[in-house]
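**Q** I'm passing along entry.pdb; it holds PDB, C-alpha atoms and all ligand atoms.
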ATOM      1  CA  MET A  86      37.202 -63.347 -45.691  1.00  0.00           C
ATOM      2  CA  LEU A  87      39.934 -64.334 -43.238  1.00  0.00           C
ATOM      3  CA  GLY A  88      39.141 -67.972 -42.510  1.00  0.00           C
ATOM      4  CA  SER A  89      36.392 -70.436 -41.791  1.00  0.00           C
ATOM      5  CA  VAL A  90      35.253 -73.313 -39.600  1.00  0.00           C
ATOM      6  CA  VAL A  91      33.050 -76.140 -40.869  1.00  0.00           C
ATOM      7  CA  GLU A  92      30.253 -76.536 -38.311  1.00  0.00           C
ATOM      8  CA  ALA A  93      28.216 -79.239 -40.063  1.00  0.00           C
ATOM      9  CA  PRO A  94      27.902 -80.671 -43.583  1.00  0.00           C
ATOM     10  CA  ARG A  95      25.624 -77.769 -44.567  1.00  0.00           C
ATOM     11  CA  ALA A  96      26.967 -75.010 -42.330  1.00  0.00           C
ATOM     12  CA  ARG A  97      30.157 -73.017 -42.085  1.00  0.00           C
ATOM     13  CA  THR A  98      31.269 -70.105 -39.935  1.00  0.00           C
ATOM     14  CA  ILE A  99      33.317 -67.476 -41.758  1.00  0.00           C
ATOM     15  CA  LEU A 100      35.473 -64.860 -40.111  1.00  0.00           C
ATOM     16  CA  LEU A 101      35.296 -61.466 -41.791  1.00  0.00           C
ATOM     17  CA  ASP A 102      37.843 -58.712 -41.807  1.00  0.00           C
ATOM     18  CA  ALA A 103      36.136 -55.681 -40.295  1.00  0.00           C
ATOM     19  CA  PRO A 104      38.508 -52.730 -39.972  1.00  0.00           C
ATOM     20  CA  GLY A 105      37.244 -50.218 -37.462  1.00  0.00           C
ATOM     21  CA  TRP A 106      34.781 -52.699 -35.988  1.00  0.00           C
ATOM     22  CA  THR A 107      33.635 -51.243 -32.695  1.00  0.00           C
ATOM     23  CA  GLY A 108      31.816 -54.283 -31.399  1.00  0.00           C
ATOM     24  CA  HIS A 109      28.185 -55.244 -31.249  1.00  0.00           C
ATOM     25  CA  VAL A 110      25.504 -56.507 -28.895  1.00  0.00           C
ATOM     26  CA  ALA A 111      23.615 -59.782 -29.015  1.00  0.00           C
ATOM     27  CA  GLY A 112      20.767 -59.786 -31.502  1.00  0.00           C
ATOM     28  CA  GLN A 113      22.342 -57.586 -34.144  1.00  0.00           C
ATOM     29  CA  HIS A 114      23.053 -58.668 -37.720  1.00  0.00           C
ATOM     30  CA  VAL A 115      24.953 -57.549 -40.789  1.00  0.00           C
ATOM     31  CA  ASP A 116      23.977 -57.462 -44.439  1.00  0.00           C
ATOM     32  CA  VAL A 117      26.394 -59.119 -46.853  1.00  0.00           C
ATOM     33  CA  ARG A 118      26.399 -57.953 -50.464  1.00  0.00           C
ATOM     34  CA  LEU A 119      27.768 -59.915 -53.407  1.00  0.00           C
ATOM     35  CA  THR A 120      28.496 -58.327 -56.784  1.00  0.00           C
ATOM     36  CA  ALA A 121      28.807 -60.447 -59.940  1.00  0.00           C
ATOM     37  CA  ALA A 122      31.232 -59.700 -62.766  1.00  0.00           C
ATOM     38  CA  ASP A 123      28.368 -58.186 -64.789  1.00  0.00           C
ATOM     39  CA  GLY A 124      27.497 -55.813 -61.962  1.00  0.00           C
ATOM     40  CA  TYR A 125      24.471 -57.728 -60.660  1.00  0.00           C
ATOM     41  CA  ARG A 126      24.207 -57.307 -56.894  1.00  0.00           C
ATOM     42  CA  THR A 127      22.329 -59.135 -54.203  1.00  0.00           C
ATOM     43  CA  GLU A 128      22.288 -58.847 -50.432  1.00  0.00           C
ATOM     44  CA  ARG A 129      21.357 -61.137 -47.529  1.00  0.00           C
ATOM     45  CA  SER A 130      21.244 -60.715 -43.748  1.00  0.00           C
ATOM     46  CA  TYR A 131      23.283 -62.831 -41.301  1.00  0.00           C
ATOM     47  CA  ALA A 132      23.238 -62.855 -37.520  1.00  0.00           C
ATOM     48  CA  ILE A 133      26.537 -62.027 -35.895  1.00  0.00           C
ATOM     49  CA  GLY A 134      27.875 -65.222 -34.369  1.00  0.00           C
ATOM     50  CA  SER A 135      30.976 -63.915 -32.648  1.00  0.00           C
ATOM     51  CA  ALA A 136      30.968 -62.694 -29.065  1.00  0.00           C
ATOM     52  CA  PRO A 137      30.787 -58.940 -28.507  1.00  0.00           C
ATOM     53  CA  ASP A 138      34.340 -58.902 -27.119  1.00  0.00           C
ATOM     54  CA  ASP A 139      35.891 -60.882 -30.001  1.00  0.00           C
ATOM     55  CA  ALA A 140      38.293 -58.997 -32.236  1.00  0.00           C
ATOM     56  CA  GLY A 141      36.720 -60.147 -35.495  1.00  0.00           C
ATOM     57  CA  LEU A 142      33.282 -60.604 -36.915  1.00  0.00           C
ATOM     58  CA  ALA A 143      31.929 -64.108 -37.547  1.00  0.00           C
ATOM     59  CA  ILE A 144      28.760 -65.255 -39.282  1.00  0.00           C
ATOM     60  CA  THR A 145      27.444 -68.806 -39.626  1.00  0.00           C
ATOM     61  CA  ILE A 146      25.761 -69.725 -42.890  1.00  0.00           C
ATOM     62  CA  GLU A 147      23.564 -72.726 -43.549  1.00  0.00           C
ATOM     63  CA  ARG A 148      23.506 -73.687 -47.232  1.00  0.00           C
ATOM     64  CA  VAL A 149      20.060 -73.460 -48.837  1.00  0.00           C
ATOM     65  CA  ASP A 150      20.151 -75.685 -51.914  1.00  0.00           C
ATOM     66  CA  GLY A 151      19.438 -73.601 -55.001  1.00  0.00           C
ATOM     67  CA  GLY A 152      19.911 -70.375 -53.069  1.00  0.00           C
ATOM     68  CA  GLU A 153      21.619 -67.406 -54.641  1.00  0.00           C
ATOM     69  CA  VAL A 154      23.982 -66.449 -51.807  1.00  0.00           C
ATOM     70  CA  SER A 155      24.246 -69.138 -49.125  1.00  0.00           C
ATOM     71  CA  PRO A 156      25.923 -71.838 -51.318  1.00  0.00           C
ATOM     72  CA  TYR A 157      28.700 -69.378 -52.093  1.00  0.00           C
ATOM     73  CA  LEU A 158      29.207 -68.381 -48.448  1.00  0.00           C
ATOM     74  CA  ALA A 159      28.820 -71.916 -47.053  1.00  0.00           C
ATOM     75  CA  ASP A 160      30.974 -73.720 -49.639  1.00  0.00           C
ATOM     76  CA  ALA A 161      32.830 -71.613 -52.160  1.00  0.00           C
ATOM     77  CA  ILE A 162      34.282 -68.481 -50.577  1.00  0.00           C
ATOM     78  CA  ARG A 163      38.014 -68.717 -49.772  1.00  0.00           C
ATOM     79  CA  PRO A 164      40.364 -66.743 -47.510  1.00  0.00           C
ATOM     80  CA  GLY A 165      41.282 -63.500 -49.243  1.00  0.00           C
ATOM     81  CA  ASP A 166      38.029 -63.265 -51.197  1.00  0.00           C
ATOM     82  CA  GLY A 167      36.300 -59.936 -50.687  1.00  0.00           C
ATOM     83  CA  LEU A 168      32.803 -59.296 -49.411  1.00  0.00           C
ATOM     84  CA  GLU A 169      30.879 -56.117 -48.834  1.00  0.00           C
ATOM     85  CA  GLN A 170      29.156 -55.907 -45.481  1.00  0.00           C
ATOM     86  CA  ARG A 171      26.752 -53.363 -44.032  1.00  0.00           C
ATOM     87  CA  GLY A 172      25.780 -53.079 -40.408  1.00  0.00           C
ATOM     88  CA  LEU A 173      25.400 -53.259 -37.459  1.00  0.00           C
ATOM     89  CA  ILE A 174      21.690 -53.585 -37.993  1.00  0.00           C
ATOM     90  CA  GLY A 175      19.010 -54.134 -35.382  1.00  0.00           C
ATOM     91  CA  GLY A 176      18.770 -53.421 -31.718  1.00  0.00           C
ATOM     92  CA  ALA A 177      19.888 -55.362 -28.720  1.00  0.00           C
ATOM     93  CA  PHE A 178      17.619 -58.140 -27.582  1.00  0.00           C
ATOM     94  CA  THR A 179      19.028 -58.457 -24.091  1.00  0.00           C
ATOM     95  CA  TRP A 180      18.428 -57.071 -20.661  1.00  0.00           C
ATOM     96  CA  SER A 181      21.338 -55.797 -18.669  1.00  0.00           C
ATOM     97  CA  SER A 182      21.595 -56.404 -14.930  1.00  0.00           C
ATOM     98  CA  GLY A 183      19.439 -53.941 -13.078  1.00  0.00           C
ATOM     99  CA  ASP A 184      16.885 -53.550 -15.875  1.00  0.00           C
ATOM    100  CA  GLY A 185      14.489 -55.764 -13.975  1.00  0.00           C
ATOM    101  CA  CYS A 186      11.877 -57.940 -15.583  1.00  0.00           C
ATOM    102  CA  PRO A 187       9.258 -56.027 -17.662  1.00  0.00           C
ATOM    103  CA  CYS A 188       6.579 -58.562 -16.736  1.00  0.00           C
ATOM    104  CA  CYS A 189       6.789 -58.004 -12.953  1.00  0.00           C
TER     105      CYS A 189
HETATM  106  C1  LIG B   1      17.758 -60.810 -39.731  1.00  0.00           C
HETATM  107  C2  LIG B   1      18.181 -62.071 -40.457  1.00  0.00           C
HETATM  108  C3  LIG B   1      19.236 -62.816 -39.983  1.00  0.00           C
HETATM  109  C4  LIG B   1      19.628 -63.995 -40.639  1.00  0.00           C
HETATM  110  N1  LIG B   1      20.673 -64.709 -40.135  1.00  0.00           N
HETATM  111  C5  LIG B   1      21.066 -65.842 -40.769  1.00  0.00           C
HETATM  112  C6  LIG B   1      22.171 -66.598 -40.250  1.00  0.00           C
HETATM  113  O1  LIG B   1      22.777 -66.243 -39.224  1.00  0.00           O
HETATM  114  N2  LIG B   1      22.555 -67.712 -40.942  1.00  0.00           N
HETATM  115  C7  LIG B   1      21.890 -68.135 -42.082  1.00  0.00           C
HETATM  116  O2  LIG B   1      22.293 -69.175 -42.667  1.00  0.00           O
HETATM  117  N3  LIG B   1      20.849 -67.418 -42.591  1.00  0.00           N
HETATM  118  C8  LIG B   1      20.443 -66.289 -41.969  1.00  0.00           C
HETATM  119  N4  LIG B   1      19.393 -65.561 -42.492  1.00  0.00           N
HETATM  120  C9  LIG B   1      18.825 -65.981 -43.800  1.00  0.00           C
HETATM  121  C10 LIG B   1      19.690 -65.400 -44.956  1.00  0.00           C
HETATM  122  O3  LIG B   1      19.547 -63.982 -45.004  1.00  0.00           O
HETATM  123  C11 LIG B   1      19.293 -65.941 -46.328  1.00  0.00           C
HETATM  124  O4  LIG B   1      17.903 -65.788 -46.498  1.00  0.00           O
HETATM  125  C12 LIG B   1      19.686 -67.391 -46.525  1.00  0.00           C
HETATM  126  O5  LIG B   1      21.113 -67.537 -46.432  1.00  0.00           O
HETATM  127  C13 LIG B   1      19.235 -67.914 -47.914  1.00  0.00           C
HETATM  128  O6  LIG B   1      19.772 -67.059 -48.892  1.00  0.00           O
HETATM  129  P1  LIG B   1      20.018 -67.605 -50.369  1.00  0.00           P
HETATM  130  O7  LIG B   1      20.392 -66.416 -51.203  1.00  0.00           O
HETATM  131  O8  LIG B   1      20.954 -68.758 -50.374  1.00  0.00           O
HETATM  132  O9  LIG B   1      18.602 -68.178 -50.805  1.00  0.00           O
HETATM  133  P2  LIG B   1      17.541 -67.444 -51.768  1.00  0.00           P
HETATM  134  O10 LIG B   1      18.091 -67.381 -53.161  1.00  0.00           O
HETATM  135  O11 LIG B   1      17.127 -66.148 -51.137  1.00  0.00           O
HETATM  136  O12 LIG B   1      16.326 -68.453 -51.675  1.00  0.00           O
HETATM  137  C14 LIG B   1      16.289 -69.657 -52.477  1.00  0.00           C
HETATM  138  C15 LIG B   1      15.048 -70.467 -52.130  1.00  0.00           C
HETATM  139  O13 LIG B   1      15.195 -71.037 -50.812  1.00  0.00           O
HETATM  140  C16 LIG B   1      14.141 -70.593 -49.957  1.00  0.00           C
HETATM  141  N5  LIG B   1      14.769 -70.358 -48.644  1.00  0.00           N
HETATM  142  C17 LIG B   1      15.448 -69.250 -48.245  1.00  0.00           C
HETATM  143  N6  LIG B   1      15.925 -69.418 -46.982  1.00  0.00           N
HETATM  144  C18 LIG B   1      15.516 -70.662 -46.594  1.00  0.00           C
HETATM  145  C19 LIG B   1      15.684 -71.418 -45.395  1.00  0.00           C
HETATM  146  N7  LIG B   1      16.359 -70.938 -44.314  1.00  0.00           N
HETATM  147  N8  LIG B   1      15.144 -72.667 -45.344  1.00  0.00           N
HETATM  148  C20 LIG B   1      14.453 -73.180 -46.399  1.00  0.00           C
HETATM  149  N9  LIG B   1      14.256 -72.500 -47.566  1.00  0.00           N
HETATM  150  C21 LIG B   1      14.783 -71.266 -47.660  1.00  0.00           C
HETATM  151  C22 LIG B   1      13.579 -69.321 -50.613  1.00  0.00           C
HETATM  152  O14 LIG B   1      12.225 -69.122 -50.280  1.00  0.00           O
HETATM  153  C23 LIG B   1      13.762 -69.640 -52.097  1.00  0.00           C
HETATM  154  O15 LIG B   1      12.700 -70.440 -52.581  1.00  0.00           O
HETATM  155  C24 LIG B   1      18.954 -64.408 -41.834  1.00  0.00           C
HETATM  156  C25 LIG B   1      17.888 -63.632 -42.313  1.00  0.00           C
HETATM  157  C26 LIG B   1      17.492 -62.499 -41.629  1.00  0.00           C
HETATM  158  C27 LIG B   1      16.328 -61.692 -42.164  1.00  0.00           C
END
What's the structure tokens form of this structure?

**A**
Amino acid sequence: MLGSVVEAPRARTILLDAPGWTGHVAGQHVDVRLTAADGYRTERSYAIGSAPDDAGLAITIERVDGGEVSPYLADAIRPGDGLEQRGLIGGAFTWSSGDGCPCC
């Protein structure tokens, strides 16, 4: 994790290091995997919050009290801490100019 921005008392945006990141389109998400010292692993999905042209990859996490993953990402993770991420996942949810409207 490279850095973070507090968005609200329960929400924080974190900027992830993503070497080789080739960009994304609106509507796609990544899966973030955490591994405990004893090897236990768990994974959650997060929408990509950065713009497609941004250099890095940002996700915004709202803390769910009692949750397994979101309290760590929203409150505890610090710059330099590692995270595994998988994605891009999901297709684009946008029309490009010239596509026309499918309802007309
Ligand atoms: C495609 C996709 C994109 C997502 N994008 C985002 C995102 O951009 N930002 C983000 O913060 N989350 C996002 N989520 C939700 C995220 O994946 C986690 O489910 C969330 O962070 C809670 O994980 P947790 O491990 O803290 O809670 P868990 O340990 O999984 O759950 C703990 C308890 O809280 C309940 N719970 C889980 N989520 C919520 C909720 N939102 N509100 C109320 N109760 C809940 C569960 O039912 C359970 O009882 C996305 C999910 C999907 C499928």

**Q** Could you check which of A:Glu147, A:Asp123, A:Asp102, A:Asp160 is closest to ligand LIG 1 (chain B), using all atoms listed in the file?

**A** A:Glu147

**Q** Taking the file as shown, what set of residues would the PyMOL selection byres (((not hetatm)) within 9 of (chain B and resi 1)) give back, as number ranges by chain?

**A** A: 96-97, 112-117, 127-134, 144-159, 174-175

**Q** Per residue of range 135-160 of chain A within 9 Å of range 104-109 of chain A, note the shortest atom pair and the distance in Å to one decimal, counting only C-alpha atoms, and order the rows by chain and increasing residue number, as JSON lines.

**A**
{"residue": "A:Ala136", "atom": "CA", "partner": "A:His109", "partner_atom": "CA", "distance": 8.2}
{"residue": "A:Pro137", "atom": "CA", "partner": "A:His109", "partner_atom": "CA", "distance": 5.3}
{"residue": "A:Asp138", "atom": "CA", "partner": "A:Gly108", "partner_atom": "CA", "distance": 6.8}
{"residue": "A:Asp139", "atom": "CA", "partner": "A:Gly108", "partner_atom": "CA", "distance": 7.9}
{"residue": "A:Ala140", "atom": "CA", "partner": "A:Gly108", "partner_atom": "CA", "distance": 8.1}
{"residue": "A:Gly141", "atom": "CA", "partner": "A:Trp106", "partner_atom": "CA", "distance": 7.7}
{"residue": "A:Leu142", "atom": "CA", "partner": "A:Trp106", "partner_atom": "CA", "distance": 8.1}

**Q** Take CA of Val91 in chain A and CA of Arg126 in chain A and report the distance between them in Å, one decimal.

**A** 26.3 Å

**Q** Quick one: pull the distance between CA of Arg118 in chain A and CA of Arg171 in chain A, Å, one decimal.

**A** 7.9 Å

**Q** Run the PyMOL selection byres (((chain A and resi 164) around 8) and not hetatm) mentally over the shown coordinates, then write out the matched residues as JSON, numbers by chain, using the chain letters and numbers from the document.

**A** {"A": [86, 87, 88, 89, 162, 163, 165, 166]}

**Q** Could you check which of A:Glu169, A:Ala161, A:Glu92, A:Thr98 is closest to Leu119 in chain A, using all atoms listed in the file?

**A**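 Using all atoms listed in the file, the shortest distance to Leu119 in chain A belongs to A:Glu169.
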
**Q** What does the distance between CA of Pro94 in chain A and CA of Gly167 in chain A come to in Å, to one decimal place?

**A**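 Going from CA of Pro94 in chain A over to CA of Gly167 in chain A, I get 23.5 Å.
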